[in-house]
Amino acid sequence: MKKKEHAIEITFWGVRGSIPTPGKEFIKYGGNTPCVEVRCGGTILIFDAGTGMRALGKSLLRQFDGKSMELHLLFSHTHWDHIQGFPFFEPAYHRGNIINLYGGNSVSELEKLILGQMDREYFPVTLFELGSQLNFKTLSQNPFYINDVKIYYTYLFHPGLSLGYRVEYHGKVFVYATDNEILTEPEMEGYNEKNMENLIKNADILVAECQYTEEEYVKKVGWGHSSIEQVVRIGKMFGVKNLFTFHHDPMRTDKELEVMIKRARKISGKNLKVYAAKESMTFKV
Ligand SMILES: [Zn+2]
Ligand SMILES: [Zn+2]
């Protein structure tokens with residue numbers, strides 16, 4: 001009998017930070033804002049509901065072909081670029097589908113924020129008119145389980161904070177850590193490093209924001225984003241195997257992104273592989 005495969009498979013649907021970015025200079029890596037699909041066997045996790053979520057919805061409907069689905073949508077935080085795709089996510093309109101939405105604030109808070117962007121003043125359909133069953137869940141247990149998937153979370157440095165998630169599935173580890181400034185100030189007394197170690201240690205896949213270069217970062221300290229050099233440094237330090245740089249700056253062209261990755265590979269060493277996250281790219285461990 002064939003051994004059952006327990007893989008984690010991810011697909012990038014939106015990789016751009018801050019604002020959707022159309023234009024010929026951004027075609028290769030894509031201009032949609034954050035949305036990552038993560039499959040652990042039959043469990044479907046979705047990280048963030050940026051504008052990339054629209055295409056994910058179409059793909060799921062094609063795959064399920066009229067059958068109902070249960071999805072788990074985990075939010076890093078509710079800045080616009082991480083929620084704007086939700087009103088355009090077609091599976092949310094279909095009766096029989098179940099969508100569990102997880103956030104770090106109280107249930108009413110997450111519901112209020114998602115509901116707010118679908119207020120009549122902003123969007124023609126309200127949250128109450130969607131056909132699917134929406135279950136808002138506040139994170140309280142840490143770690144917690146969704147089926148046989150173990151998830152640990154921690155708060156990251158970002159205006160208003162954001163959540164980083166570590167997904168463990170049959171020995172494989174996927175980490176989602178976006179909108180995160182890796183502070184190294186002495187007054188933090190190593191807190192941030194320890195926090196990042198718990199989150200990313202020995203990850204097979206780390207999807208981490210790398211909005212800036214080292215040169216840009218010095219002008220943007222305190223904005224809540226990291227440089228690629230900082231992320232490569234901690235990735236190396238804590239045994240990460242594959243780093244996908246993510247939340248690309250809206251000004252970053254395809255060409256510039258490739259230069260950034262080349263530079264990062266020079267300092268990443270042989271155990272850490274570095275790639276730029278790209279729309280519709282899949283990866284499996
Ligand atoms: Zn963002
Ligand atoms: Zn943000």
# chains A, B, ... in the order shown; residues from 1 in each chain; ligands from 1
$ residues_near_ligand --ligand "ligand 2" --cutoff "9 Å" --atoms "only C-alpha atoms and all ligand atoms" --output "PyMOL selection string"
chain A and resi 17-18+76-82+158-162+178-180+224-225
$ write_last_selection --atoms "N, CA and C atoms" --output "mmCIF file, in the first residue's frame"
data_model
loop_
_atom_site.group_PDB
_atom_site.id
_atom_site.type_symbol
_atom_site.label_atom_id
_atom_site.label_comp_id
_atom_site.auth_asym_id
_atom_site.auth_seq_id
_atom_site.Cartn_x
_atom_site.Cartn_y
_atom_site.Cartn_z
ATOM 1 N N GLY A 17 2.797 44.493 -0.899
ATOM 2 C CA GLY A 17 2.440 45.185 0.334
ATOM 3 C C GLY A 17 1.718 46.490 0.069
ATOM 4 N N SER A 18 0.967 46.939 1.053
ATOM 5 C CA SER A 18 0.395 48.283 1.140
ATOM 6 C C SER A 18 -0.769 48.619 0.203
ATOM 7 N N SER A 76 -3.438 38.315 9.706
ATOM 8 C CA SER A 76 -2.273 38.849 10.425
ATOM 9 C C SER A 76 -2.720 40.100 11.183
ATOM 10 N N HIS A 77 -3.489 40.955 10.520
ATOM 11 C CA HIS A 77 -4.066 42.157 11.092
ATOM 12 C C HIS A 77 -5.056 42.711 10.067
ATOM 13 N N THR A 78 -5.669 43.844 10.375
ATOM 14 C CA THR A 78 -6.761 44.283 9.495
ATOM 15 C C THR A 78 -6.447 45.577 8.749
ATOM 16 N N HIS A 79 -5.169 45.849 8.513
ATOM 17 C CA HIS A 79 -4.873 46.967 7.606
ATOM 18 C C HIS A 79 -5.456 46.630 6.230
ATOM 19 N N TRP A 80 -5.835 47.681 5.490
ATOM 20 C CA TRP A 80 -6.560 47.502 4.229
ATOM 21 C C TRP A 80 -5.994 46.433 3.306
ATOM 22 N N ASP A 81 -4.673 46.476 3.143
ATOM 23 C CA ASP A 81 -4.071 45.562 2.165
ATOM 24 C C ASP A 81 -4.257 44.089 2.562
ATOM 25 N N HIS A 82 -4.730 43.819 3.773
ATOM 26 C CA HIS A 82 -4.883 42.437 4.244
ATOM 27 C C HIS A 82 -6.351 42.005 4.334
ATOM 28 N N HIS A 158 4.453 46.140 14.676
ATOM 29 C CA HIS A 158 3.811 46.791 13.538
ATOM 30 C C HIS A 158 2.831 47.790 14.142
ATOM 31 N N PRO A 159 2.574 48.929 13.501
ATOM 32 C CA PRO A 159 1.591 49.847 14.081
ATOM 33 C C PRO A 159 0.254 49.122 14.293
ATOM 34 N N GLY A 160 -0.192 49.059 15.540
ATOM 35 C CA GLY A 160 -1.414 48.314 15.860
ATOM 36 C C GLY A 160 -1.177 46.822 16.037
ATOM 37 N N LEU A 161 0.041 46.386 15.923
ATOM 38 C CA LEU A 161 0.484 44.986 16.020
ATOM 39 C C LEU A 161 -0.025 44.121 14.867
ATOM 40 N N SER A 162 0.697 43.049 14.603
ATOM 41 C CA SER A 162 0.188 42.057 13.662
ATOM 42 C C SER A 162 0.526 40.683 14.233
ATOM 43 N N THR A 178 4.243 38.491 8.377
ATOM 44 C CA THR A 178 4.281 39.696 7.551
ATOM 45 C C THR A 178 3.948 40.927 8.386
ATOM 46 N N ASP A 179 4.287 42.076 7.863
ATOM 47 C CA ASP A 179 4.084 43.335 8.576
ATOM 48 C C ASP A 179 4.727 43.255 9.946
ATOM 49 N N ASN A 180 6.030 43.184 9.910
ATOM 50 C CA ASN A 180 6.824 42.910 11.104
ATOM 51 C C ASN A 180 8.147 43.649 11.021
ATOM 52 N N GLY A 224 7.315 49.803 10.983
ATOM 53 C CA GLY A 224 6.693 48.485 11.149
ATOM 54 C C GLY A 224 7.018 47.490 10.053
ATOM 55 N N HIS A 225 8.105 47.744 9.312
ATOM 56 C CA HIS A 225 8.526 46.806 8.268
ATOM 57 C C HIS A 225 10.029 46.540 8.373
#
$ select_by_dssp --residues "stretch 2-134 of chain A" --states "strand (DSSP E or B)" --output "ChimeraX atom specification"
/A:8-14,16,35-40,43-47,70-74,98-103,133-134
$ residues_around --residues "A:Ser68" --least-positions-apart "2" --cutoff "9 Å" --atoms "only C-alpha atoms" --output "VMD selection string"
chain A and resid 64 to 66 70 91 94 to 98
$ select_by_dssp --residues "stretch 43-163 of chain A" --states "helix (DSSP H, G or I)" --output "ChimeraX atom specification"
/A:53-64,80-82,86-88,90-93,107-116,127-129
$ residues_around --residues "stretch 145-147 of chain A" --least-positions-apart "3" --cutoff "12 Å" --atoms "only C-alpha atoms" --output "ChimeraX atom specification"
/A:39-45,70-74,100,102,139-142,150-153,166-169
$ write_last_selection --atoms "C-alpha atoms" --output "short mmCIF file (atom, residue, chain, number, x, y, z; two decimals), in the first residue's frame"
data_model
loop_
_atom_site.label_atom_id
_atom_site.label_comp_id
_atom_site.auth_asym_id
_atom_site.auth_seq_id
_atom_site.Cartn_x
_atom_site.Cartn_y
_atom_site.Cartn_z
CA ARG A 39 -2.95 23.04 2.23
CA CYS A 40 -2.23 20.51 4.95
CA GLY A 41 -3.88 17.36 3.64
CA GLY A 42 -7.58 18.22 3.42
CA THR A 43 -7.32 21.25 5.69
CA ILE A 44 -7.35 24.54 3.80
CA LEU A 45 -5.80 27.52 5.55
CA GLU A 70 -14.80 24.55 4.80
CA LEU A 71 -12.05 27.16 4.92
CA HIS A 72 -9.95 28.67 7.69
CA LEU A 73 -9.01 32.31 7.17
CA LEU A 74 -6.32 33.62 9.51
CA ASN A 100 -13.90 30.31 9.97
CA TYR A 102 -9.48 33.95 13.10
CA LEU A 139 -7.48 33.35 19.27
CA SER A 140 -7.10 32.41 22.93
CA GLN A 141 -5.45 28.98 23.21
CA ASN A 142 -1.84 28.99 22.12
CA LYS A 150 -1.01 22.67 15.12
CA ILE A 151 -0.79 26.46 15.07
CA TYR A 152 1.22 28.72 17.31
CA TYR A 153 0.96 32.50 17.07
CA ARG A 166 3.63 28.92 12.85
CA VAL A 167 1.90 25.92 11.28
CA GLU A 168 3.11 22.42 12.13
CA TYR A 169 1.84 19.41 10.22
#
$ closest_residue --among "A:Trp13, A:Trp223, A:Tyr122, A:Phe86" --to "ligand 1" --atoms "only C-alpha atoms and all ligand atoms"
A:Trp223
$ closest_residue --among "A:Asn198, A:Gln117, A:Ser226, A:Ser59" --to "ligand 1" --atoms "only C-alpha atoms and all ligand atoms"
A:Ser226
